[in-house]
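Let me begin by presenting the structure, written as structure tokens, before commenting on it.
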Amino acid sequence: MDIITCHLNADFDALSSMVAAKMLYPGAWMVFPGSQEKKVREFIRDFNLPGIIKLKDVDFERTGRLIIVDAKSPDRLGPLAELLSRPEVEVHLYDHHPREEGDIRGKLEVVQSVGATVTILVEMLQKRKLKPSPLEATVMGLGVYEETGGLIFPSTTERDIRAFAYLFRCGASPKIIGSYMKAGFGRQEISLLNELLENSRDLIVRGLRVKVAKASAESYVGDAAQLAHNIMDAEDIDALLMLVSMEGKIVVVGRSRAPEIDVARVLQDFGGGGHRGAASATLYDMPLEILEEKLVESLKRHVRPETAAADVMTRPVVTVDFTATIAEAEKMMTRYGVNVLPVLKNSLYMGMISREVVEKALFHGFARTGVMDFTMTDASTVRPDTPVGEVEALMIERNQRFMPVLDGEGGIIGAITRTDILRVLYEDYLRRSRIPPEEAGLLRPHLERNLARNIREQFPGNVVRILELAGQTADELALSVYMVGGSVRDLLRGTRNLDIDLVVEGDAIGFARGLASHLGARLRTHERFGTAIVILPDLKLDIATARTEYYESPAALPKVEISSVKRDLQRRDFTVNTLAVRLNRRNFGQLVDFFGGRRDLREKTIRVLHDLSFIEDPTRAFRAVRFAVRFGFKLSRHTEELLKSALEMDLFQRLSGARLYEELLLMFRETEPVAAIGKLAEYGLLKVVHPALKEDEVLGSIQAAHDALLWFGLSFTGEPVDRAALYLMALLGGLDAEETGAALRRLQVSSKTGSIIAGGIVKAKEVLTERLALGKIPEGAVELYDALSGLPVESLLLAMALAGAEGQKKAISRYLLELRKEKPVLRGADLAAMGFAPGPLFSEIFKAILHERLKGNIASRQDEERFVKTHFRPRTSCIS
């Protein structure tokens, strides 16, 4: 007996998922573990859905398979949870809720992040070409529609919309769906709603407003979730806990619009489950008042602490010693891009000095005067645990744009700026405006969003555990740790990138040692640079201390100093690479986006962080092109203008040839090098390599080399080819020898590599002009082999790319795929055994054998032995 079931108090997503599962498991019976919502009961009654049996008719002894939909917690299966303890029962699980500790484990688990569980099952039906009937399509459509709020909830995905559209094509009835989705209440629901509002109380929990409402109903009410929805719409609250006592049980419904309150976690303590913003639980044999108090206690435990100064401050802070002069302070402000410097004496905070004061002091001739003479010593300061609301009030009342955060001994550990406060205020505004965090992300790509679910779904389980352990290790050492860069960028793009970089605010070496110890991993450290590598069998973690950098001159290598994660991200090349994710346990998965990286990912745009970006590091222009081509993005208009300005200022001539060469090699290794070179040509960057490079000629050669490389790769030779060398030869192939040498010197290519590139170009041209000259292409296999043997594969592929005649291409193709493989079977030891003395004769014999093989006269080892015995006589060596 196979059983399909769902959670207690089944909604339309549960019912529709059961109906879809019934199509996948035709012999199974649908069984509700408990009650259903009122509209679900009405639908089953009105349409007499087949395949449903009562719980009492389930034979637990004969049940061989349990198919669970829209639920993962054993507590939500009612009496059917007993089947989970039977080893003979095979469990299959389909759900869309986030995974939690203690979830049911099954032989088959399909848990995916979509708006409705039925969406997953509808997609499976499509793959198996199982078309639902109009009635089945209608009930499945009801599940998608209800669970996604009419396809407008933030949890709605493109997959839900596609599934809904498919169900309509299968005959789902809009009229029936509309009739069951009407939100109208009867007399009983209206009476219960009034009682809930009358018997409610408002709590302030860590600055958040929570309403707890309770009521009793004489008979079963199936629309408790809709009642909760109405209360949330009518009240200016952050969360709701609604308790309805009826027929010997209490139904608890939780709703939250504040990211600090996860009602699913609150109700897990009572056997419930659901989402962060919507959850429910059913309890028995507990007085309403006692349950209410227990819920409030659980709520207080699970609400995230109120935001404090330590949560929003920037650290470490750029400071100036009290002995410094005004001129030195101005230089530091310019170097680090700050407008305020805290002044320290013996590492203790003395006050602060602003850029405005420094500039006025310089104007009045006080360049050599000490900063203490101009330091503001009465500015307000706060402690790390000061609530952000209090910080905000102080900054407004004192008209103070920079707030130092001091430890208990007077040392400065961080600072809060007006931007930090604006970010907090905006977060609060969006929350108060009832804009869900996911939807608000469309409006505020520079603010935070939690990616914990993305991490757990896109990364392998062992990597997720390592990242969680990294957060735990940081907590133990009182450090902050972040995953940064490409892995976060690609996480938001929906692709897996396990090239993981971690940044630590503080001692990265100490953190790496702690993490490596927990993991039992190997560790490599670079004390001088504050970096480390934790090495596992299938993963490598690059760990660095948060740093900032400045450039003393255009195109120079940067100077690096320890700093905060914000400044560490600020030193990166483009906004899409400035994204970070917190890994500490309290904020695990929280996206940090100071510079609009999410917005630019969504708009498919490559944008530099500041106007001096290409001036400080011109190689960023080549990286901009590389990323744009790789991701199918465009450069922002302002980025393009800055790139053109850098070219006009001739900044690229100051660029180290080695760094330019490295960027070209990376570009050649991309999947679309032709498009990348085309973009370089479009922006005029090819002239940086050599001014004589002609755009059309170069693009034609690169495309032809690319085609030749693809052809060779598809020929299944299995032979590796130096792609970068081939593309570089194609890039420089149109230059004369002197120009090629100049270009290679510009790129600071090593003499060995330079000889290979220049020599390879010469050999490729020689193949076309001499060895396979038009009208002189060898027809015989021996002559063709002798003409092309000994040449590098890269030169031959370049010759094929540059060949203008089809006969030349066919000859090279024949050599590469057929003739080149021919080799004598006999070896030197075989000839020695036949009586031949080692010497020049060996080469003569092998060459003769090869020629006979190429002519088709020899095919086996025996043939070779007969040939040697017939045409050669052993020469006895003379020993005096």
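Going through the structure tokens in order, the chains are called A, B, and so on, while each chain numbers its residues from 1 and the ligands are numbered from 1 in the order shown.
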- [ ] Mind checking which residues fall within 12 Å of Met181 (chain A), counting only C-alpha atoms, ignoring those fewer than 5 positions away in the same chain, and posting them as a list of chain:residue names?
- [x]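 These residues fall inside the cut-off: A:Asp11, A:Phe12, A:Lys38, A:Lys39, A:Val40, A:Phe43, A:Val139, A:Gly141, A:Leu142, A:Gly143, A:Val144, A:Tyr145, A:Glu146, A:Glu147, A:Thr148, A:Gly149, A:Gly150, A:Pro174, A:Lys175, A:Ile176, A:Asp223, A:Gln226.
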TODO: Would you please extract all helix (DSSP H, G or I) residues from region 234-444 of chain A, as assigned by DSSP on the backbone, and give them as a VMD selection string?
DONE: chain A and resid 234 263 to 268 288 to 302 309 to 312 326 to 336 355 to 363 371 to 374 388 to 397 418 to 432 437 to 443
- [ ] Would you work out the distance separating CA of Tyr166 (chain A) from CA of Asp13 (chain A), expressed in Å to one decimal?
- [x]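 Atom-to-atom, CA of Tyr166 (chain A) to CA of Asp13 (chain A), that is 16.5 Å.
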Open item on the list: Would you pick out the contacts of region 246-263 of chain A at 7 Å or less, using only C-alpha atoms, so that residues sharing its chain but fewer than 3 positions from it are not included, and give the list as a VMD selection string?
Closed with: chain A and resid 216 to 220 225 228 238 to 243 266 to 267 276 to 285 303 to 304 431 434 436
Open item on the list: Using only C-alpha atoms, which protein or nucleic acid residues come within 7 Å of His96 (chain A)? Drop anything in the same chain fewer than 4 positions from it, and give the result as a count of residues only.
Closed with: 7
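Reported to one decimal place, the separation of CA of Gly760 (chain A) from CA of Gly733 (chain A) is 9.5 Å.
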- [ ] Among the residues of region 84-138 of chain A, find those DSSP assigns to strand (DSSP E or B) from the backbone and print them as an NGL selection string.
- [x] :A and (90-95 or 108-111)
Kindly export the residues of the current selection with all heavy atoms, as a tab-separated table (two decimals), in the first residue's frame.
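Writing done, so here's result-v3.tsv:
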chain	number	residue	atom	x	y	z
A	90	GLU	N	9.44	3.03	2.61
A	90	GLU	CA	10.28	3.90	1.78
A	90	GLU	C	9.64	5.28	1.71
A	90	GLU	O	8.46	5.41	1.37
A	90	GLU	CB	10.40	3.29	0.38
A	90	GLU	CG	11.33	4.03	-0.55
A	90	GLU	CD	11.43	3.34	-1.89
A	90	GLU	OE1	12.00	2.21	-1.93
A	90	GLU	OE2	10.91	3.89	-2.88
A	91	VAL	N	10.41	6.32	2.06
A	91	VAL	CA	9.87	7.68	2.12
A	91	VAL	C	10.33	8.48	0.91
A	91	VAL	O	11.52	8.55	0.59
A	91	VAL	CB	10.32	8.39	3.42
A	91	VAL	CG1	9.83	9.84	3.42
A	91	VAL	CG2	9.78	7.65	4.64
A	92	HIS	N	9.36	9.10	0.21
A	92	HIS	CA	9.63	10.05	-0.87
A	92	HIS	C	9.10	11.40	-0.42
A	92	HIS	O	7.97	11.49	0.07
A	92	HIS	CB	8.97	9.62	-2.17
A	92	HIS	CG	9.57	8.40	-2.77
A	92	HIS	ND1	9.31	8.01	-4.08
A	92	HIS	CD2	10.42	7.47	-2.27
A	92	HIS	CE1	9.97	6.90	-4.33
A	92	HIS	NE2	10.65	6.54	-3.24
A	93	LEU	N	9.88	12.47	-0.64
A	93	LEU	CA	9.55	13.79	-0.08
A	93	LEU	C	9.61	14.86	-1.16
A	93	LEU	O	10.58	14.94	-1.91
A	93	LEU	CB	10.55	14.11	1.04
A	93	LEU	CG	10.36	15.40	1.82
A	93	LEU	CD1	9.14	15.30	2.72
A	93	LEU	CD2	11.59	15.70	2.66
A	94	TYR	N	8.55	15.69	-1.23
A	94	TYR	CA	8.50	16.81	-2.17
A	94	TYR	C	8.07	18.05	-1.39
A	94	TYR	O	7.00	18.07	-0.78
A	94	TYR	CB	7.50	16.53	-3.30
A	94	TYR	CG	7.80	15.29	-4.10
A	94	TYR	CD1	7.30	14.05	-3.72
A	94	TYR	CD2	8.59	15.36	-5.23
A	94	TYR	CE1	7.58	12.90	-4.44
A	94	TYR	CE2	8.87	14.21	-5.97
A	94	TYR	CZ	8.36	12.99	-5.58
A	94	TYR	OH	8.65	11.86	-6.31
A	95	ASP	N	8.89	19.10	-1.42
A	95	ASP	CA	8.54	20.29	-0.63
A	95	ASP	C	9.26	21.52	-1.18
A	95	ASP	O	10.25	21.41	-1.91
A	95	ASP	CB	8.91	20.07	0.84
A	95	ASP	CG	8.24	21.08	1.75
A	95	ASP	OD1	7.22	21.65	1.36
A	95	ASP	OD2	8.75	21.31	2.86
A	108	LEU	N	14.06	9.41	-1.45
A	108	LEU	CA	13.99	10.40	-2.52
A	108	LEU	C	13.58	11.72	-1.90
A	108	LEU	O	12.56	11.79	-1.21
A	108	LEU	CB	12.99	9.98	-3.60
A	108	LEU	CG	12.70	11.02	-4.70
A	108	LEU	CD1	13.95	11.28	-5.53
A	108	LEU	CD2	11.55	10.59	-5.59
A	109	GLU	N	14.39	12.77	-2.11
A	109	GLU	CA	14.07	14.09	-1.58
A	109	GLU	C	14.16	15.11	-2.71
A	109	GLU	O	15.20	15.26	-3.34
A	109	GLU	CB	15.04	14.48	-0.46
A	109	GLU	CG	14.97	13.59	0.76
A	109	GLU	CD	15.96	14.00	1.84
A	109	GLU	OE1	16.43	15.15	1.79
A	109	GLU	OE2	16.28	13.18	2.71
A	110	VAL	N	13.05	15.79	-2.97
A	110	VAL	CA	13.02	16.86	-3.96
A	110	VAL	C	12.56	18.12	-3.23
A	110	VAL	O	11.37	18.33	-3.03
A	110	VAL	CB	12.09	16.54	-5.14
A	110	VAL	CG1	12.16	17.66	-6.18
A	110	VAL	CG2	12.44	15.19	-5.76
A	111	VAL	N	13.52	18.91	-2.80
A	111	VAL	CA	13.24	20.14	-2.05
A	111	VAL	C	13.85	21.30	-2.81
A	111	VAL	O	15.07	21.41	-2.92
A	111	VAL	CB	13.81	20.06	-0.62
A	111	VAL	CG1	13.48	21.34	0.16
A	111	VAL	CG2	13.25	18.84	0.11
- [ ] List the neighbours of Glu648 (chain A) out to 12 Å using only C-alpha atoms; skip same-chain residues closer than 2 positions along the sequence, and give me the result as a VMD selection string.
- [x] chain A and resid 614 to 615 641 to 646 650 to 653 683 to 685 687 to 688
- [ ] Pick out the residues sitting within 12 Å of Leu826 (chain A), and hand them over as a ChimeraX atom specification; count only C-alpha atoms, and ignore anything fewer than 4 positions along from it in its own chain.
- [x] /A:830-834,842-843,845-847,849-850,860-868
Task: Point-to-point distance from CA of Thr473 (chain A) to CA of Thr525 (chain A), Å rounded to tenths - done: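 CA of Thr525 (chain A) lies at a distance of 17.3 Å from CA of Thr473 (chain A).
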Task: Who sits within 8 Å of region 465-469 of chain A, only C-alpha atoms, same chain under 3 positions skipped, as a PyMOL selection string - done: chain A and resi 461-462+472-473+515+518-519+583-585+588
Check which residues of region 528-647 of chain A sit at most 9 Å from region 664-671 of chain A using only C-alpha atoms, and return one row each with the closest pair of atoms and their distance in Å to one decimal, ordered by chain and rising number, as a tab-separated table.
residue	atom	partner	partner_atom	distance
A:Phe622	CA	A:Leu664	CA	7.9
A:Arg623	CA	A:Met667	CA	8.3
A:Val625	CA	A:Met667	CA	8.8
A:Arg626	CA	A:Met667	CA	6.0
A:Val629	CA	A:Glu670	CA	8.8
A:Arg630	CA	A:Glu670	CA	7.1
